[in-house]
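S.K.: Please see the structure below; I have some questions.
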Amino acid sequence: MFKLFEPNKIFKITSKAPKYVLFLFIIVLSIGLVEALVLSPEDYKQSDAVRIMYVHVPAAWISLGIFSSITFLSISGFVFRNKNFFLISKSLAPSGFVFNIIALVTGSIWGKPTWGTWWAWDARITSMLILALFYAMYLIAWRVYNEEERVYKISTFITILGIINVPIIKYSVDWWNTLHQPASINILSKTSIHSSMLYPLLIMTAAFALFSLLIFLMKYNTELIKIKNKGLDRL
Amino acid sequence: MINELFFMNGYAVYVLSAFSFTLISFLGLYLITKIQFVREQNKFVAKFGSLTTRQANSAKSQRINKEILANATNN
């Protein structure tokens with residue numbers, strides 16, 4: 001089954017896809033921005049400061065999702081002895097890291113009007129900062145080590161250590177007394193957010209997901225060309 | 001309407017800076033990734049140009065190499 005997704009076979013698709021994804025991203029982002037900044041209502045408690053949620057929450061969700069995917073793919077790379085999994089992981093990491101930074105910075109900006117401080121060493125915020133450090137270590141590992149097998153092992157080790165932090169981030173608001181509010185959206189139980197705020201949030205999440213797909217495709221194509229460049233050297 | 005958007009009950013400075021930071025980060029990441037892609041593509045084309053006919057034919061036997069060259073000329 002994995003042969004169907006071999007880089008040589010899918011390059012035709014991955015090289016053409018970015019322009020369509022970019023087009024779709026611009027459309028969805030435009031709709032999301034109008035919804036988030038103009039059409040969605042203000043909150044009865046936080047007033048218009050609540051609009052920061054439309055960039056903060058999707059960025060946090062996607063950075064967590066990407067890190068989980070990187071871990072899963074890195075482990076699968078070892079289990080199935082498939083280098084392509086490592087290549088996909090490496091290509092996903094930059095957008096995951098940037099989303100993590102966006103979540104931290106926008107969270108800090110949101111903290112000032114709601115909590116009265118830019119930063120607190122609160123469980124949720126600190127665990128998100130730790131995730132950013134794991135992302136940074138993962139990206140640095142790929143830059144520092146040139147030997148394939150070694151970088152596969154080290155980067156996978158970093159993701160395995162980092163994934164322990166993901167459930168801590170998720171449940172930090174339940175396990176400890178934190179400034180951060182508990183989750184408003186639950187897949188398994190009733191969501192406490194009104195549809196007038198939920199839809200803009202979902203549209204912005206779709207836009208952010210499209211952006212990470214766009215960056216992934218561009219990065220993946222770059223990595224493939226890099227490999228082919230090395231191949232030309234060997235001719 | 002425009003006044004509301006730029007005032008936001010006094011929270012505009014926070015809301016707009018959060019959105020601006022996000023969009024600037026997007027633009028920055030997109031540009032960096034695009035530059036890296038174009039650089040690798042140009043490197044590939046330059047290397048391919050310096051191959052002998054026999055080496056070029058051998059490289060062209062791989063479909064992906066032909067795709068990279070075709071994309072580079074289209075862009």
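A note on labels: chains of the structure tokens are A, B, ... as shown, every chain counts residues from 1, and ligands are counted from 1 in their shown order.
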With only C-alpha atoms counted and 9 Å as the cut-off, give the residues of stretch 79-132 of chain A in contact with stretch 25-33 of chain B, each with its shortest interatomic distance in Å and the pair that gives it, as JSON lines.

M.R.:
```
{"residue": "A:Pro94", "atom": "CA", "partner": "B:Leu29", "partner_atom": "CA", "distance": 8.2}
{"residue": "A:Ser95", "atom": "CA", "partner": "B:Leu29", "partner_atom": "CA", "distance": 7.7}
{"residue": "A:Val98", "atom": "CA", "partner": "B:Ser25", "partner_atom": "CA", "distance": 7.2}
{"residue": "A:Phe99", "atom": "CA", "partner": "B:Ser25", "partner_atom": "CA", "distance": 8.8}
{"residue": "A:Ile102", "atom": "CA", "partner": "B:Ser25", "partner_atom": "CA", "distance": 7.7}
```

S.K.: Name all residues at most 12 Å from stretch 36-51 of chain B (count only C-alpha atoms; drop same-chain ones fewer than 5 positions away) and give them as a PyMOL selection string.

M.R.: (chain A and resi 15+18+215-235) or (chain B and resi 29-31+56-60+64-75)

S.K.: Go ahead and save the residues from that selection, with N, CA and C atoms, as a compact mmCIF listing (two decimals), in the first residue's frame.

M.R.:
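What follows is the written file selection-v5.txt:
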```txt
# COMPACT_ATOMS: atom_id res chain seq x y z
N SER A 15 3.44 18.58 -6.55
CA SER A 15 4.03 19.78 -7.16
C SER A 15 2.97 20.71 -7.75
N PRO A 18 0.06 22.93 -4.53
CA PRO A 18 0.15 24.17 -3.75
C PRO A 18 -0.64 25.36 -4.28
N ILE A 215 2.04 24.83 3.37
CA ILE A 215 3.46 24.86 3.77
C ILE A 215 4.04 23.46 3.72
N PHE A 216 3.25 22.48 4.17
CA PHE A 216 3.72 21.09 4.12
C PHE A 216 4.07 20.69 2.69
N LEU A 217 3.17 20.97 1.73
CA LEU A 217 3.40 20.57 0.34
C LEU A 217 4.64 21.24 -0.23
N MET A 218 4.79 22.54 0.05
CA MET A 218 5.96 23.27 -0.48
C MET A 218 7.25 22.72 0.12
N LYS A 219 7.21 22.45 1.42
CA LYS A 219 8.40 21.94 2.12
C LYS A 219 8.74 20.52 1.64
N TYR A 220 7.70 19.71 1.46
CA TYR A 220 7.88 18.32 1.01
C TYR A 220 8.52 18.31 -0.39
N ASN A 221 8.01 19.17 -1.27
CA ASN A 221 8.58 19.26 -2.62
C ASN A 221 10.04 19.70 -2.56
N THR A 222 10.33 20.67 -1.68
CA THR A 222 11.71 21.15 -1.52
C THR A 222 12.62 20.00 -1.09
N GLU A 223 12.16 19.21 -0.12
CA GLU A 223 12.95 18.09 0.39
C GLU A 223 13.20 17.05 -0.70
N LEU A 224 12.16 16.80 -1.51
CA LEU A 224 12.32 15.82 -2.60
C LEU A 224 13.35 16.31 -3.62
N ILE A 225 13.29 17.59 -3.97
CA ILE A 225 14.25 18.14 -4.94
C ILE A 225 15.66 18.08 -4.36
N LYS A 226 15.77 18.34 -3.05
CA LYS A 226 17.08 18.26 -2.37
C LYS A 226 17.66 16.86 -2.54
N ILE A 227 16.83 15.84 -2.34
CA ILE A 227 17.28 14.44 -2.49
C ILE A 227 17.71 14.18 -3.93
N LYS A 228 16.92 14.69 -4.86
CA LYS A 228 17.24 14.48 -6.28
C LYS A 228 18.51 15.23 -6.67
N ASN A 229 18.76 16.38 -6.05
CA ASN A 229 20.01 17.12 -6.27
C ASN A 229 21.21 16.26 -5.87
N LYS A 230 21.07 15.60 -4.72
CA LYS A 230 22.16 14.70 -4.27
C LYS A 230 22.32 13.56 -5.25
N GLY A 231 21.20 13.08 -5.80
CA GLY A 231 21.22 11.98 -6.79
C GLY A 231 22.00 12.39 -8.04
N LEU A 232 21.83 13.64 -8.46
CA LEU A 232 22.54 14.11 -9.65
C LEU A 232 24.04 14.16 -9.40
N ASP A 233 24.42 14.48 -8.16
CA ASP A 233 25.85 14.52 -7.80
C ASP A 233 26.49 13.14 -7.96
N ARG A 234 25.68 12.11 -7.72
CA ARG A 234 26.23 10.74 -7.74
C ARG A 234 26.33 10.16 -9.16
N LEU A 235 25.75 10.86 -10.14
CA LEU A 235 25.76 10.32 -11.52
C LEU A 235 27.16 10.31 -12.12
N LEU B 29 6.46 32.79 6.94
CA LEU B 29 6.70 31.36 6.73
C LEU B 29 6.52 30.98 5.25
N TYR B 30 5.49 31.57 4.63
CA TYR B 30 5.25 31.28 3.21
C TYR B 30 6.43 31.73 2.36
N LEU B 31 6.92 32.95 2.62
CA LEU B 31 8.03 33.48 1.81
C LEU B 31 9.31 32.67 2.01
N ALA B 56 22.57 12.90 -18.54
CA ALA B 56 21.25 13.55 -18.61
C ALA B 56 20.18 12.53 -19.00
N ASN B 57 20.50 11.66 -19.95
CA ASN B 57 19.53 10.64 -20.36
C ASN B 57 19.23 9.68 -19.22
N SER B 58 20.30 9.35 -18.49
CA SER B 58 20.11 8.45 -17.35
C SER B 58 19.24 9.12 -16.28
N ALA B 59 19.46 10.41 -16.04
CA ALA B 59 18.65 11.14 -15.04
C ALA B 59 17.21 11.26 -15.49
N LYS B 60 17.04 11.45 -16.80
CA LYS B 60 15.67 11.62 -17.33
C LYS B 60 14.85 10.33 -17.29
N ILE B 64 10.38 11.60 -11.91
CA ILE B 64 10.37 12.76 -11.00
C ILE B 64 11.34 13.85 -11.48
N ASN B 65 12.50 13.44 -12.06
CA ASN B 65 13.45 14.43 -12.56
C ASN B 65 12.85 15.22 -13.72
N LYS B 66 12.11 14.51 -14.56
CA LYS B 66 11.47 15.19 -15.70
C LYS B 66 10.41 16.18 -15.19
N GLU B 67 9.69 15.75 -14.12
CA GLU B 67 8.66 16.62 -13.53
C GLU B 67 9.28 17.89 -12.96
N ILE B 68 10.41 17.73 -12.25
CA ILE B 68 11.07 18.89 -11.64
C ILE B 68 11.48 19.88 -12.73
N LEU B 69 12.07 19.36 -13.80
CA LEU B 69 12.50 20.23 -14.90
C LEU B 69 11.32 20.93 -15.56
N ALA B 70 10.24 20.17 -15.76
CA ALA B 70 9.04 20.75 -16.39
C ALA B 70 8.46 21.85 -15.52
N ASN B 71 8.39 21.61 -14.21
CA ASN B 71 7.85 22.63 -13.28
C ASN B 71 8.72 23.87 -13.27
N ALA B 72 10.05 23.65 -13.30
CA ALA B 72 10.98 24.79 -13.25
C ALA B 72 10.83 25.67 -14.48
N THR B 73 10.60 25.05 -15.64
CA THR B 73 10.44 25.86 -16.85
C THR B 73 9.08 26.54 -16.89
N ASN B 74 8.07 25.91 -16.28
CA ASN B 74 6.73 26.52 -16.25
C ASN B 74 6.67 27.72 -15.33
N ASN B 75 7.48 27.69 -14.23
CA ASN B 75 7.37 28.76 -13.22
C ASN B 75 8.03 30.06 -13.68
```

S.K.: Between A:Val21, A:Ala123, A:Pro182, A:Lys90, which residue has the minimum interatomic distance to A:Arg143, considering only C-alpha atoms?

M.R.: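 Between A:Val21, A:Ala123, A:Pro182, A:Lys90, the residue approaching A:Arg143 most closely is A:Lys90.
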
S.K.: Using only C-alpha atoms, what does the table of chain A residues within 6 Å of chain B look like, with each row giving the shortest atom pair and its distance in Å to one decimal, sorted by chain and ascending number, as a tab-separated table?

M.R.:
```
residue	atom	partner	partner_atom	distance
A:Asn8	CA	B:Ile64	CA	5.4
A:Asp48	CA	B:Met8	CA	5.6
A:Ala49	CA	B:Tyr11	CA	5.6
A:Ile52	CA	B:Val15	CA	5.5
A:Thr106	CA	B:Ala18	CA	5.1
A:Thr222	CA	B:Phe37	CA	4.8
A:Asn229	CA	B:Phe44	CA	5.6
```

S.K.: Please dump the current selection as a tab-separated table (two decimals), in the first residue's frame; keep N, CA and C atoms.

M.R.:
```tsv
chain	number	residue	atom	x	y	z
A	8	ASN	N	8.31	9.41	-5.69
A	8	ASN	CA	8.43	9.46	-7.15
A	8	ASN	C	7.06	9.44	-7.84
A	48	ASP	N	-15.13	42.60	23.10
A	48	ASP	CA	-14.51	42.29	21.81
A	48	ASP	C	-13.18	41.56	21.94
A	49	ALA	N	-12.61	41.53	23.14
A	49	ALA	CA	-11.33	40.82	23.33
A	49	ALA	C	-11.47	39.34	22.97
A	52	ILE	N	-9.90	37.42	19.80
A	52	ILE	CA	-8.55	36.84	19.73
A	52	ILE	C	-8.64	35.31	19.68
A	106	THR	N	-0.41	35.12	20.75
A	106	THR	CA	-1.79	35.63	20.79
A	106	THR	C	-2.41	35.35	22.16
A	222	THR	N	10.33	20.67	-1.68
A	222	THR	CA	11.71	21.15	-1.52
A	222	THR	C	12.62	20.00	-1.09
A	229	ASN	N	18.76	16.38	-6.05
A	229	ASN	CA	20.01	17.12	-6.27
A	229	ASN	C	21.21	16.26	-5.87
```
